>>> print(open('my_file-v9.cif').read())   # mmCIF, C-alpha atoms
data_run
loop_
_atom_site.group_PDB
_atom_site.id
_atom_site.type_symbol
_atom_site.label_atom_id
_atom_site.label_comp_id
_atom_site.auth_asym_id
_atom_site.auth_seq_id
_atom_site.Cartn_x
_atom_site.Cartn_y
_atom_site.Cartn_z
ATOM 1 C CA MET A 10 0.000 0.000 0.000
ATOM 2 C CA LEU A 11 2.931 2.332 0.619
ATOM 3 C CA VAL A 12 4.037 2.085 -3.014
ATOM 4 C CA THR A 13 0.458 2.685 -4.199
ATOM 5 C CA LEU A 14 0.157 5.742 -1.959
ATOM 6 C CA ILE A 15 3.443 7.236 -3.189
ATOM 7 C CA LEU A 16 2.623 6.527 -6.839
ATOM 8 C CA CYS A 17 -0.803 8.127 -6.516
ATOM 9 C CA ILE A 18 0.656 11.212 -4.844
ATOM 10 C CA LEU A 19 3.156 11.524 -7.703
ATOM 11 C CA LEU A 20 0.366 10.919 -10.222
ATOM 12 C CA PHE A 21 -1.775 13.732 -8.833
ATOM 13 C CA ILE A 22 1.244 16.069 -8.741
ATOM 14 C CA GLY A 23 1.940 15.269 -12.392
ATOM 15 C CA LEU A 24 -1.707 15.754 -13.343
ATOM 16 C CA GLY A 25 -1.690 19.088 -11.544
ATOM 17 C CA PHE A 26 1.354 20.337 -13.458
ATOM 18 C CA ASN A 27 -0.144 19.169 -16.754
ATOM 19 C CA PHE A 28 -3.525 20.763 -16.012
ATOM 20 C CA TYR A 29 -1.958 24.078 -14.989
ATOM 21 C CA ASN A 30 0.129 24.274 -18.160
ATOM 22 C CA LYS A 31 -2.782 23.217 -20.364
ATOM 23 C CA GLN A 32 -5.133 25.835 -18.927
ATOM 24 C CA ARG A 33 -2.473 28.548 -19.097
ATOM 25 C CA ARG A 34 -1.186 27.865 -22.613
ATOM 26 C CA ASN A 35 -4.175 26.546 -24.516
ATOM 27 C CA LYS A 36 -6.862 28.660 -22.873
ATOM 28 C CA SER A 37 -8.987 25.532 -22.462
ATOM 29 C CA ILE A 38 -12.575 25.686 -21.270
ATOM 30 C CA GLY A 39 -12.705 27.105 -17.771
ATOM 31 C CA GLY A 40 -9.901 29.582 -18.388
ATOM 32 C CA ALA A 41 -6.464 29.945 -16.853
ATOM 33 C CA ILE A 42 -5.909 28.825 -13.268
ATOM 34 C CA SER A 43 -3.508 30.170 -10.656
ATOM 35 C CA LYS A 44 -0.755 28.094 -9.056
ATOM 36 C CA ALA A 45 -2.440 28.268 -5.649
ATOM 37 C CA LYS A 46 -5.776 27.139 -7.060
ATOM 38 C CA THR A 47 -4.147 24.297 -9.006
ATOM 39 C CA ILE A 48 -2.558 23.011 -5.794
ATOM 40 C CA TRP A 49 -5.870 23.320 -3.947
ATOM 41 C CA LEU A 50 -7.859 21.640 -6.743
ATOM 42 C CA PHE A 51 -5.647 18.583 -7.003
ATOM 43 C CA PHE A 52 -5.187 18.326 -3.245
ATOM 44 C CA ALA A 53 -8.981 18.196 -2.872
ATOM 45 C CA LEU A 54 -9.342 15.736 -5.770
ATOM 46 C CA PHE A 55 -6.683 13.515 -4.211
ATOM 47 C CA GLN A 56 -8.508 13.527 -0.877
ATOM 48 C CA TYR A 57 -11.914 12.914 -2.447
ATOM 49 C CA TYR A 58 -11.100 10.247 -5.004
ATOM 50 C CA PHE A 59 -8.061 8.378 -3.725
ATOM 51 C CA PHE A 60 -7.232 9.004 -0.086
ATOM 52 C CA SER A 61 -10.845 8.513 0.994
ATOM 53 C CA VAL A 62 -10.725 4.957 -0.386
ATOM 54 C CA PHE A 63 -7.230 4.430 1.064
ATOM 55 C CA VAL A 64 -8.371 5.394 4.565
ATOM 56 C CA LEU A 65 -11.528 3.312 4.179
ATOM 57 C CA LEU A 66 -9.517 0.195 3.346
ATOM 58 C CA LEU A 67 -6.990 0.952 6.075
ATOM 59 C CA CYS A 68 -9.561 1.562 8.807
ATOM 60 C CA PHE A 69 -12.239 -0.854 7.608
ATOM 61 C CA GLY A 70 -14.067 -2.380 10.544
ATOM 62 C CA THR A 71 -13.697 0.650 12.816
ATOM 63 C CA LEU A 72 -16.621 2.690 14.126
ATOM 64 C CA LEU A 73 -16.180 5.191 11.321
ATOM 65 C CA THR A 74 -16.447 2.685 8.465
ATOM 66 C CA PRO A 75 -20.066 3.699 7.601
ATOM 67 C CA VAL A 76 -19.045 7.373 7.595
ATOM 68 C CA LEU A 77 -16.138 6.688 5.232
ATOM 69 C CA VAL A 78 -18.353 4.585 2.946
ATOM 70 C CA ALA A 79 -20.911 7.399 2.793
ATOM 71 C CA ALA A 80 -18.186 9.959 2.053
ATOM 72 C CA CYS A 81 -16.767 7.860 -0.794
ATOM 73 C CA GLY A 82 -20.253 7.418 -2.244
ATOM 74 C CA PHE A 83 -21.013 11.125 -2.132
ATOM 75 C CA PHE A 84 -17.684 12.021 -3.725
ATOM 76 C CA LEU A 85 -18.319 9.609 -6.610
ATOM 77 C CA LEU A 86 -21.830 10.960 -7.138
ATOM 78 C CA ARG A 87 -20.532 14.513 -7.061
ATOM 79 C CA PHE A 88 -17.828 13.731 -9.622
ATOM 80 C CA ILE A 89 -20.374 12.357 -12.073
ATOM 81 C CA LEU A 90 -22.868 15.213 -11.633
ATOM 82 C CA GLN A 91 -20.299 17.994 -11.711
ATOM 83 C CA PHE A 92 -18.419 16.576 -14.700
ATOM 84 C CA VAL A 93 -21.614 16.281 -16.753
ATOM 85 C CA ILE A 94 -22.873 19.758 -15.823
ATOM 86 C CA MET A 95 -19.504 21.416 -16.478
ATOM 87 C CA TYR A 96 -18.213 19.667 -19.579
ATOM 88 C CA PHE A 97 -21.386 18.547 -21.339
ATOM 89 C CA PHE A 98 -24.123 21.029 -20.455
ATOM 90 C CA LYS A 99 -21.729 23.885 -19.582
ATOM 91 C CA LYS A 100 -24.225 25.192 -17.038
ATOM 92 C CA TRP A 101 -22.039 25.097 -13.945
ATOM 93 C CA ARG A 102 -22.558 27.732 -11.252
ATOM 94 C CA PRO A 103 -20.687 27.999 -7.943
ATOM 95 C CA PRO A 104 -23.895 27.739 -5.850
ATOM 96 C CA MET A 105 -24.263 24.191 -7.211
ATOM 97 C CA GLY A 106 -20.890 23.250 -5.743
ATOM 98 C CA ILE A 107 -21.753 24.985 -2.476
ATOM 99 C CA ALA A 108 -25.018 23.033 -2.267
ATOM 100 C CA MET A 109 -23.173 19.741 -2.865
ATOM 101 C CA ASN A 110 -20.626 20.673 -0.204
ATOM 102 C CA ILE A 111 -23.342 21.496 2.318
ATOM 103 C CA VAL A 112 -25.213 18.234 1.709
ATOM 104 C CA SER A 113 -21.982 16.219 2.018
ATOM 105 C CA PHE A 114 -20.979 18.142 5.154
ATOM 106 C CA LEU A 115 -24.342 17.624 6.864
ATOM 107 C CA VAL A 116 -24.504 13.928 6.013
ATOM 108 C CA ILE A 117 -20.974 13.281 7.301
ATOM 109 C CA ILE A 118 -21.395 15.329 10.473
ATOM 110 C CA SER A 119 -24.772 13.734 11.265
ATOM 111 C CA MET A 120 -23.304 10.244 10.788
ATOM 112 C CA LEU A 121 -20.389 11.182 13.034
ATOM 113 C CA PHE A 122 -22.763 12.014 15.870
ATOM 114 C CA HIS A 123 -24.866 8.945 15.147
ATOM 115 C CA PHE A 124 -21.941 6.540 15.449
ATOM 116 C CA MET A 125 -20.373 8.163 18.497
ATOM 117 C CA SER A 126 -20.692 5.883 21.483
ATOM 118 C CA GLY A 127 -19.117 5.630 24.930
ATOM 119 C CA ASN A 128 -16.268 7.921 25.857
ATOM 120 C CA ILE A 129 -15.600 10.248 22.925
ATOM 121 C CA PHE A 130 -11.921 10.584 23.790
ATOM 122 C CA GLU A 131 -11.458 6.826 23.818
ATOM 123 C CA TRP A 132 -13.370 6.635 20.544
ATOM 124 C CA ILE A 133 -11.115 9.233 18.912
ATOM 125 C CA VAL A 134 -7.932 7.483 20.105
ATOM 126 C CA TRP A 135 -8.955 4.133 18.648
ATOM 127 C CA ASP A 136 -10.131 5.612 15.345
ATOM 128 C CA ARG A 137 -7.856 8.636 15.212
ATOM 129 C CA VAL A 138 -6.696 8.191 11.592
ATOM 130 C CA ALA A 139 -10.266 7.837 10.323
ATOM 131 C CA PHE A 140 -11.424 10.607 12.661
ATOM 132 C CA LEU A 141 -8.746 13.098 11.594
ATOM 133 C CA TYR A 142 -9.330 12.268 7.938
ATOM 134 C CA THR A 143 -13.060 12.937 8.446
ATOM 135 C CA VAL A 144 -12.234 16.265 10.105
ATOM 136 C CA LEU A 145 -9.928 17.073 7.181
ATOM 137 C CA ILE A 146 -12.718 16.363 4.698
ATOM 138 C CA LEU A 147 -15.143 18.549 6.642
ATOM 139 C CA CYS A 148 -12.568 21.370 6.624
ATOM 140 C CA ILE A 149 -12.056 20.937 2.877
ATOM 141 C CA LEU A 150 -15.812 21.063 2.207
ATOM 142 C CA ALA A 151 -16.246 24.191 4.347
ATOM 143 C CA THR A 152 -13.200 25.940 2.860
ATOM 144 C CA ASP A 153 -14.197 25.050 -0.690
ATOM 145 C CA SER A 154 -17.641 26.540 -0.076
ATOM 146 C CA VAL A 155 -16.101 29.822 1.085
ATOM 147 C CA TYR A 156 -13.836 29.859 -1.980
ATOM 148 C CA ALA A 157 -16.796 29.165 -4.262
ATOM 149 C CA TRP A 158 -18.809 32.003 -2.735
ATOM 150 C CA MET A 159 -15.916 34.466 -3.055
ATOM 151 C CA PHE A 160 -15.424 33.358 -6.656
ATOM 152 C CA TYR A 161 -19.146 33.664 -7.404
ATOM 153 C CA LYS A 162 -19.218 37.247 -6.123
ATOM 154 C CA ILE A 163 -16.501 38.097 -8.650
ATOM 155 C CA VAL A 164 -17.626 36.231 -11.787
ATOM 156 C CA GLY A 165 -21.386 35.909 -11.285
ATOM 157 C CA LEU A 166 -22.968 33.881 -14.102
ATOM 158 C CA ARG A 167 -19.874 33.989 -16.315
ATOM 159 C CA THR A 168 -19.181 30.373 -15.362
ATOM 160 C CA MET A 169 -21.696 29.160 -17.938
ATOM 161 C CA GLY A 170 -21.297 28.659 -21.693
ATOM 162 C CA GLU A 171 -18.397 27.800 -24.001
ATOM 163 C CA ASN A 172 -16.271 30.632 -22.602
ATOM 164 C CA GLY A 173 -17.169 30.046 -18.984
ATOM 165 C CA ILE A 174 -14.672 31.040 -16.289
ATOM 166 C CA TRP A 175 -14.289 28.281 -13.717
ATOM 167 C CA PHE A 176 -10.979 29.137 -12.096
ATOM 168 C CA ALA A 177 -9.238 32.064 -10.418
ATOM 169 C CA SER A 178 -6.203 33.060 -12.484
ATOM 170 C CA ASP A 179 -2.925 34.714 -11.524
ATOM 171 C CA ASP A 180 -3.348 37.422 -14.154
ATOM 172 C CA ASP A 181 -6.666 38.964 -13.104
ATOM 173 C CA PRO A 182 -6.285 41.421 -10.178
ATOM 174 C CA ALA A 183 -9.849 40.601 -9.114
ATOM 175 C CA PHE A 184 -8.625 37.211 -7.924
ATOM 176 C CA ARG A 185 -5.632 38.510 -5.970
ATOM 177 C CA LYS A 186 -7.324 38.204 -2.563
ATOM 178 C CA ILE A 187 -8.744 34.722 -3.079
ATOM 179 C CA ASN A 188 -5.406 33.476 -4.428
ATOM 180 C CA TRP A 189 -3.572 34.975 -1.455
ATOM 181 C CA ILE A 190 -5.929 33.283 1.010
ATOM 182 C CA THR A 191 -5.720 29.991 -0.887
ATOM 183 C CA SER A 192 -1.918 29.959 -0.915
ATOM 184 C CA ARG A 193 -1.832 30.445 2.884
ATOM 185 C CA LEU A 194 -4.502 27.867 3.641
ATOM 186 C CA ASN A 195 -2.785 25.364 1.351
ATOM 187 C CA ILE A 196 0.063 25.308 3.871
ATOM 188 C CA PHE A 197 -2.357 24.551 6.704
ATOM 189 C CA PHE A 198 -3.962 21.687 4.779
ATOM 190 C CA PHE A 199 -0.615 20.152 3.841
ATOM 191 C CA ILE A 200 0.437 20.203 7.510
ATOM 192 C CA PHE A 201 -2.885 18.610 8.462
ATOM 193 C CA PHE A 202 -2.423 15.936 5.800
ATOM 194 C CA GLY A 203 1.148 15.367 6.939
ATOM 195 C CA LEU A 204 -0.127 14.679 10.470
ATOM 196 C CA ILE A 205 -2.514 12.036 9.138
ATOM 197 C CA LEU A 206 0.292 10.388 7.150
ATOM 198 C CA TYR A 207 2.469 10.377 10.264
ATOM 199 C CA LEU A 208 -0.262 8.631 12.250
ATOM 200 C CA ILE A 209 -0.777 6.105 9.470
ATOM 201 C CA PHE A 210 2.877 5.110 9.368
ATOM 202 C CA THR A 211 3.218 5.010 13.164
ATOM 203 C CA ASN A 212 -0.025 3.110 13.820
ATOM 204 C CA TYR A 213 -0.415 0.983 10.698
ATOM 205 C CA GLY A 214 3.218 0.682 9.679
ATOM 206 C CA SER A 215 3.342 -3.083 9.242
ATOM 207 C CA TYR A 216 0.089 -3.082 7.260
ATOM 208 C CA VAL A 217 1.010 -0.153 5.021
ATOM 209 C CA TYR A 218 4.491 -1.444 4.262
#
>>> encode(input="my_file-v9.cif", output="structure tokens")
Amino acid sequence: MLVTLILCILLFIGLGFNFYNKQRRNKSIGGAISKAKTIWLFFALFQYYFFSVFVLLLCFGTLLTPVLVAACGFFLLRFILQFVIMYFFKKWRPPMGIAMNIVSFLVIISMLFHFMSGNIFEWIVWDRVAFLYTVLILCILATDSVYAWMFYKIVGLRTMGENGIWFASDDDPAFRKINWITSRLNIFFFIFFGLILYLIFTNYGSYVY
């Protein structure tokens, strides 16, 4: 599993570089994207569509297994819906993403409370990798919603159509604030992710290796 994890991290880094260059040079649909937003986008995609499954397999059988299964299911459903709306119908609007984030957030948080039992501190210690990953996902959903709202206030309905703007670029001064905030919060999320990796290798070392 260690090799798979490393290869997938490298894969997402490579995809991020390729996507950034493609959007910047070819002016593909969605427009140019800033470095900070590229890092954020592929960090979130990695968490949603790979690391969620990784943690589920690693922590399968713990109290949080149903929560992780639900999260993986919602992420897959979101990918399908968002991809179709953006690339086929070209009708994407930021409030749609915010609505999906809110639904996912509420489902995950409600399931967290539902499956809590006994001493919460004991529960967190035994399931700390799954718990911290769930907290990370909730933070990502909340942060992404704030980003989407800030972006929506700038671009309005210009996200729709063949020339829709989906990303904050480095060139447009209107996106300077959101890019600045994103670049700082990216550091926080990488530290958070690093903590989870540390716990994985210290608590599941023999299994991961």
>>> resolve_selection(input="my_file-v9.cif", expression="the PyMOL selection byres ((chain A and resi 19-32) around 9)", output="PyMOL selection string")
chain A and resi 14-18+33-44+47-48+50-52+54-55
>>> atom_distance(input="my_file-v9.cif", atom1="CA of Gly70 in chain A", atom2="CA of Asn110 in chain A")
26.3 Å
>>> resolve_selection(input="my_file-v9.cif", expression="the PyMOL selection byres ((chain A and resi 74) around 12)", output="PyMOL selection string")
chain A and resi 61-73+75-81+117+120-121+124+136+138-140+142-143
>>> atom_distance(input="my_file-v9.cif", atom1="CA of Trp158 in chain A", atom2="CA of Leu204 in chain A")
28.7 Å
>>> atom_distance(input="my_file-v9.cif", atom1="CA of Leu206 in chain A", atom2="CA of Gln56 in chain A")
12.3 Å
>>> decode(input="my_file-v9.cif", residues="range 102-118 of chain A", atoms="all heavy atoms", output="PDB file, in the first residue's frame")
ATOM      1  N   ARG A 102     -22.570  26.511 -12.060  1.00  0.00           N
ATOM      2  CA  ARG A 102     -22.558  27.732 -11.252  1.00  0.00           C
ATOM      3  C   ARG A 102     -22.028  27.394  -9.865  1.00  0.00           C
ATOM      4  O   ARG A 102     -22.365  26.337  -9.322  1.00  0.00           O
ATOM      5  CB  ARG A 102     -23.966  28.331 -11.154  1.00  0.00           C
ATOM      6  CG  ARG A 102     -24.491  28.916 -12.463  1.00  0.00           C
ATOM      7  CD  ARG A 102     -25.848  29.541 -12.265  1.00  0.00           C
ATOM      8  NE  ARG A 102     -26.858  28.530 -11.959  1.00  0.00           N
ATOM      9  CZ  ARG A 102     -28.085  28.814 -11.516  1.00  0.00           C
ATOM     10  NH1 ARG A 102     -28.434  30.077 -11.312  1.00  0.00           N
ATOM     11  NH2 ARG A 102     -28.941  27.841 -11.267  1.00  0.00           N
ATOM     12  N   PRO A 103     -21.246  28.270  -9.275  1.00  0.00           N
ATOM     13  CA  PRO A 103     -20.687  27.999  -7.943  1.00  0.00           C
ATOM     14  C   PRO A 103     -21.697  27.599  -6.883  1.00  0.00           C
ATOM     15  O   PRO A 103     -21.383  26.743  -6.045  1.00  0.00           O
ATOM     16  CB  PRO A 103     -19.984  29.316  -7.591  1.00  0.00           C
ATOM     17  CG  PRO A 103     -19.567  29.861  -8.917  1.00  0.00           C
ATOM     18  CD  PRO A 103     -20.705  29.515  -9.854  1.00  0.00           C
ATOM     19  N   PRO A 104     -22.933  28.183  -6.864  1.00  0.00           N
ATOM     20  CA  PRO A 104     -23.895  27.739  -5.850  1.00  0.00           C
ATOM     21  C   PRO A 104     -24.205  26.242  -5.910  1.00  0.00           C
ATOM     22  O   PRO A 104     -24.573  25.641  -4.893  1.00  0.00           O
ATOM     23  CB  PRO A 104     -25.150  28.567  -6.170  1.00  0.00           C
ATOM     24  CG  PRO A 104     -24.602  29.823  -6.765  1.00  0.00           C
ATOM     25  CD  PRO A 104     -23.441  29.362  -7.600  1.00  0.00           C
ATOM     26  N   MET A 105     -24.051  25.637  -7.097  1.00  0.00           N
ATOM     27  CA  MET A 105     -24.263  24.191  -7.211  1.00  0.00           C
ATOM     28  C   MET A 105     -23.214  23.446  -6.385  1.00  0.00           C
ATOM     29  O   MET A 105     -23.531  22.494  -5.669  1.00  0.00           O
ATOM     30  CB  MET A 105     -24.182  23.750  -8.673  1.00  0.00           C
ATOM     31  CG  MET A 105     -25.265  24.298  -9.563  1.00  0.00           C
ATOM     32  SD  MET A 105     -25.035  23.754 -11.281  1.00  0.00           S
ATOM     33  CE  MET A 105     -26.428  24.550 -12.072  1.00  0.00           C
ATOM     34  N   GLY A 106     -21.959  23.870  -6.508  1.00  0.00           N
ATOM     35  CA  GLY A 106     -20.890  23.250  -5.743  1.00  0.00           C
ATOM     36  C   GLY A 106     -21.072  23.470  -4.255  1.00  0.00           C
ATOM     37  O   GLY A 106     -20.823  22.565  -3.440  1.00  0.00           O
ATOM     38  N   ILE A 107     -21.514  24.686  -3.888  1.00  0.00           N
ATOM     39  CA  ILE A 107     -21.753  24.985  -2.476  1.00  0.00           C
ATOM     40  C   ILE A 107     -22.850  24.087  -1.923  1.00  0.00           C
ATOM     41  O   ILE A 107     -22.735  23.551  -0.814  1.00  0.00           O
ATOM     42  CB  ILE A 107     -22.128  26.467  -2.304  1.00  0.00           C
ATOM     43  CG1 ILE A 107     -20.948  27.369  -2.706  1.00  0.00           C
ATOM     44  CG2 ILE A 107     -22.546  26.754  -0.863  1.00  0.00           C
ATOM     45  CD1 ILE A 107     -21.278  28.846  -2.722  1.00  0.00           C
ATOM     46  N   ALA A 108     -23.919  23.894  -2.701  1.00  0.00           N
ATOM     47  CA  ALA A 108     -25.018  23.033  -2.267  1.00  0.00           C
ATOM     48  C   ALA A 108     -24.538  21.596  -2.068  1.00  0.00           C
ATOM     49  O   ALA A 108     -24.896  20.938  -1.077  1.00  0.00           O
ATOM     50  CB  ALA A 108     -26.148  23.073  -3.291  1.00  0.00           C
ATOM     51  N   MET A 109     -23.715  21.099  -3.002  1.00  0.00           N
ATOM     52  CA  MET A 109     -23.173  19.741  -2.865  1.00  0.00           C
ATOM     53  C   MET A 109     -22.282  19.628  -1.627  1.00  0.00           C
ATOM     54  O   MET A 109     -22.318  18.629  -0.911  1.00  0.00           O
ATOM     55  CB  MET A 109     -22.372  19.377  -4.121  1.00  0.00           C
ATOM     56  CG  MET A 109     -23.206  19.201  -5.364  1.00  0.00           C
ATOM     57  SD  MET A 109     -22.181  18.768  -6.800  1.00  0.00           S
ATOM     58  CE  MET A 109     -23.431  18.702  -8.091  1.00  0.00           C
ATOM     59  N   ASN A 110     -21.485  20.668  -1.392  1.00  0.00           N
ATOM     60  CA  ASN A 110     -20.626  20.673  -0.204  1.00  0.00           C
ATOM     61  C   ASN A 110     -21.448  20.628   1.084  1.00  0.00           C
ATOM     62  O   ASN A 110     -21.116  19.894   2.020  1.00  0.00           O
ATOM     63  CB  ASN A 110     -19.743  21.917  -0.191  1.00  0.00           C
ATOM     64  CG  ASN A 110     -18.623  21.854  -1.207  1.00  0.00           C
ATOM     65  OD1 ASN A 110     -18.273  20.792  -1.700  1.00  0.00           O
ATOM     66  ND2 ASN A 110     -18.066  22.999  -1.542  1.00  0.00           N
ATOM     67  N   ILE A 111     -22.513  21.425   1.117  1.00  0.00           N
ATOM     68  CA  ILE A 111     -23.342  21.496   2.318  1.00  0.00           C
ATOM     69  C   ILE A 111     -24.019  20.160   2.592  1.00  0.00           C
ATOM     70  O   ILE A 111     -24.048  19.680   3.734  1.00  0.00           O
ATOM     71  CB  ILE A 111     -24.397  22.616   2.181  1.00  0.00           C
ATOM     72  CG1 ILE A 111     -23.701  23.991   2.196  1.00  0.00           C
ATOM     73  CG2 ILE A 111     -25.428  22.530   3.304  1.00  0.00           C
ATOM     74  CD1 ILE A 111     -24.628  25.152   1.923  1.00  0.00           C
ATOM     75  N   VAL A 112     -24.563  19.537   1.539  1.00  0.00           N
ATOM     76  CA  VAL A 112     -25.213  18.234   1.709  1.00  0.00           C
ATOM     77  C   VAL A 112     -24.205  17.206   2.220  1.00  0.00           C
ATOM     78  O   VAL A 112     -24.481  16.459   3.170  1.00  0.00           O
ATOM     79  CB  VAL A 112     -25.843  17.760   0.388  1.00  0.00           C
ATOM     80  CG1 VAL A 112     -26.319  16.308   0.515  1.00  0.00           C
ATOM     81  CG2 VAL A 112     -27.009  18.657  -0.003  1.00  0.00           C
ATOM     82  N   SER A 113     -23.017  17.167   1.588  1.00  0.00           N
ATOM     83  CA  SER A 113     -21.982  16.219   2.018  1.00  0.00           C
ATOM     84  C   SER A 113     -21.580  16.486   3.462  1.00  0.00           C
ATOM     85  O   SER A 113     -21.425  15.550   4.266  1.00  0.00           O
ATOM     86  CB  SER A 113     -20.755  16.332   1.105  1.00  0.00           C
ATOM     87  OG  SER A 113     -21.084  16.016  -0.228  1.00  0.00           O
ATOM     88  N   PHE A 114     -21.390  17.753   3.803  1.00  0.00           N
ATOM     89  CA  PHE A 114     -20.979  18.142   5.154  1.00  0.00           C
ATOM     90  C   PHE A 114     -22.012  17.688   6.179  1.00  0.00           C
ATOM     91  O   PHE A 114     -21.664  17.088   7.207  1.00  0.00           O
ATOM     92  CB  PHE A 114     -20.806  19.662   5.218  1.00  0.00           C
ATOM     93  CG  PHE A 114     -20.211  20.172   6.501  1.00  0.00           C
ATOM     94  CD1 PHE A 114     -18.850  20.429   6.596  1.00  0.00           C
ATOM     95  CD2 PHE A 114     -21.007  20.403   7.613  1.00  0.00           C
ATOM     96  CE1 PHE A 114     -18.295  20.898   7.776  1.00  0.00           C
ATOM     97  CE2 PHE A 114     -20.469  20.863   8.791  1.00  0.00           C
ATOM     98  CZ  PHE A 114     -19.105  21.119   8.878  1.00  0.00           C
ATOM     99  N   LEU A 115     -23.288  17.959   5.909  1.00  0.00           N
ATOM    100  CA  LEU A 115     -24.342  17.624   6.864  1.00  0.00           C
ATOM    101  C   LEU A 115     -24.502  16.119   7.032  1.00  0.00           C
ATOM    102  O   LEU A 115     -24.724  15.627   8.146  1.00  0.00           O
ATOM    103  CB  LEU A 115     -25.665  18.253   6.411  1.00  0.00           C
ATOM    104  CG  LEU A 115     -25.744  19.781   6.487  1.00  0.00           C
ATOM    105  CD1 LEU A 115     -27.070  20.280   5.956  1.00  0.00           C
ATOM    106  CD2 LEU A 115     -25.520  20.264   7.912  1.00  0.00           C
ATOM    107  N   VAL A 116     -24.384  15.390   5.932  1.00  0.00           N
ATOM    108  CA  VAL A 116     -24.504  13.928   6.013  1.00  0.00           C
ATOM    109  C   VAL A 116     -23.366  13.351   6.849  1.00  0.00           C
ATOM    110  O   VAL A 116     -23.576  12.521   7.739  1.00  0.00           O
ATOM    111  CB  VAL A 116     -24.504  13.294   4.605  1.00  0.00           C
ATOM    112  CG1 VAL A 116     -24.328  11.779   4.693  1.00  0.00           C
ATOM    113  CG2 VAL A 116     -25.794  13.622   3.877  1.00  0.00           C
ATOM    114  N   ILE A 117     -22.140  13.807   6.571  1.00  0.00           N
ATOM    115  CA  ILE A 117     -20.974  13.281   7.301  1.00  0.00           C
ATOM    116  C   ILE A 117     -21.042  13.648   8.772  1.00  0.00           C
ATOM    117  O   ILE A 117     -20.806  12.803   9.653  1.00  0.00           O
ATOM    118  CB  ILE A 117     -19.667  13.806   6.669  1.00  0.00           C
ATOM    119  CG1 ILE A 117     -19.500  13.215   5.262  1.00  0.00           C
ATOM    120  CG2 ILE A 117     -18.462  13.449   7.542  1.00  0.00           C
ATOM    121  CD1 ILE A 117     -18.332  13.799   4.486  1.00  0.00           C
ATOM    122  N   ILE A 118     -21.374  14.892   9.074  1.00  0.00           N
ATOM    123  CA  ILE A 118     -21.395  15.329  10.473  1.00  0.00           C
ATOM    124  C   ILE A 118     -22.523  14.639  11.242  1.00  0.00           C
ATOM    125  O   ILE A 118     -22.364  14.274  12.414  1.00  0.00           O
ATOM    126  CB  ILE A 118     -21.517  16.874  10.587  1.00  0.00           C
ATOM    127  CG1 ILE A 118     -21.021  17.355  11.958  1.00  0.00           C
ATOM    128  CG2 ILE A 118     -22.921  17.346  10.353  1.00  0.00           C
ATOM    129  CD1 ILE A 118     -19.548  17.316  12.135  1.00  0.00           C
TER     130      ILE A 118
END
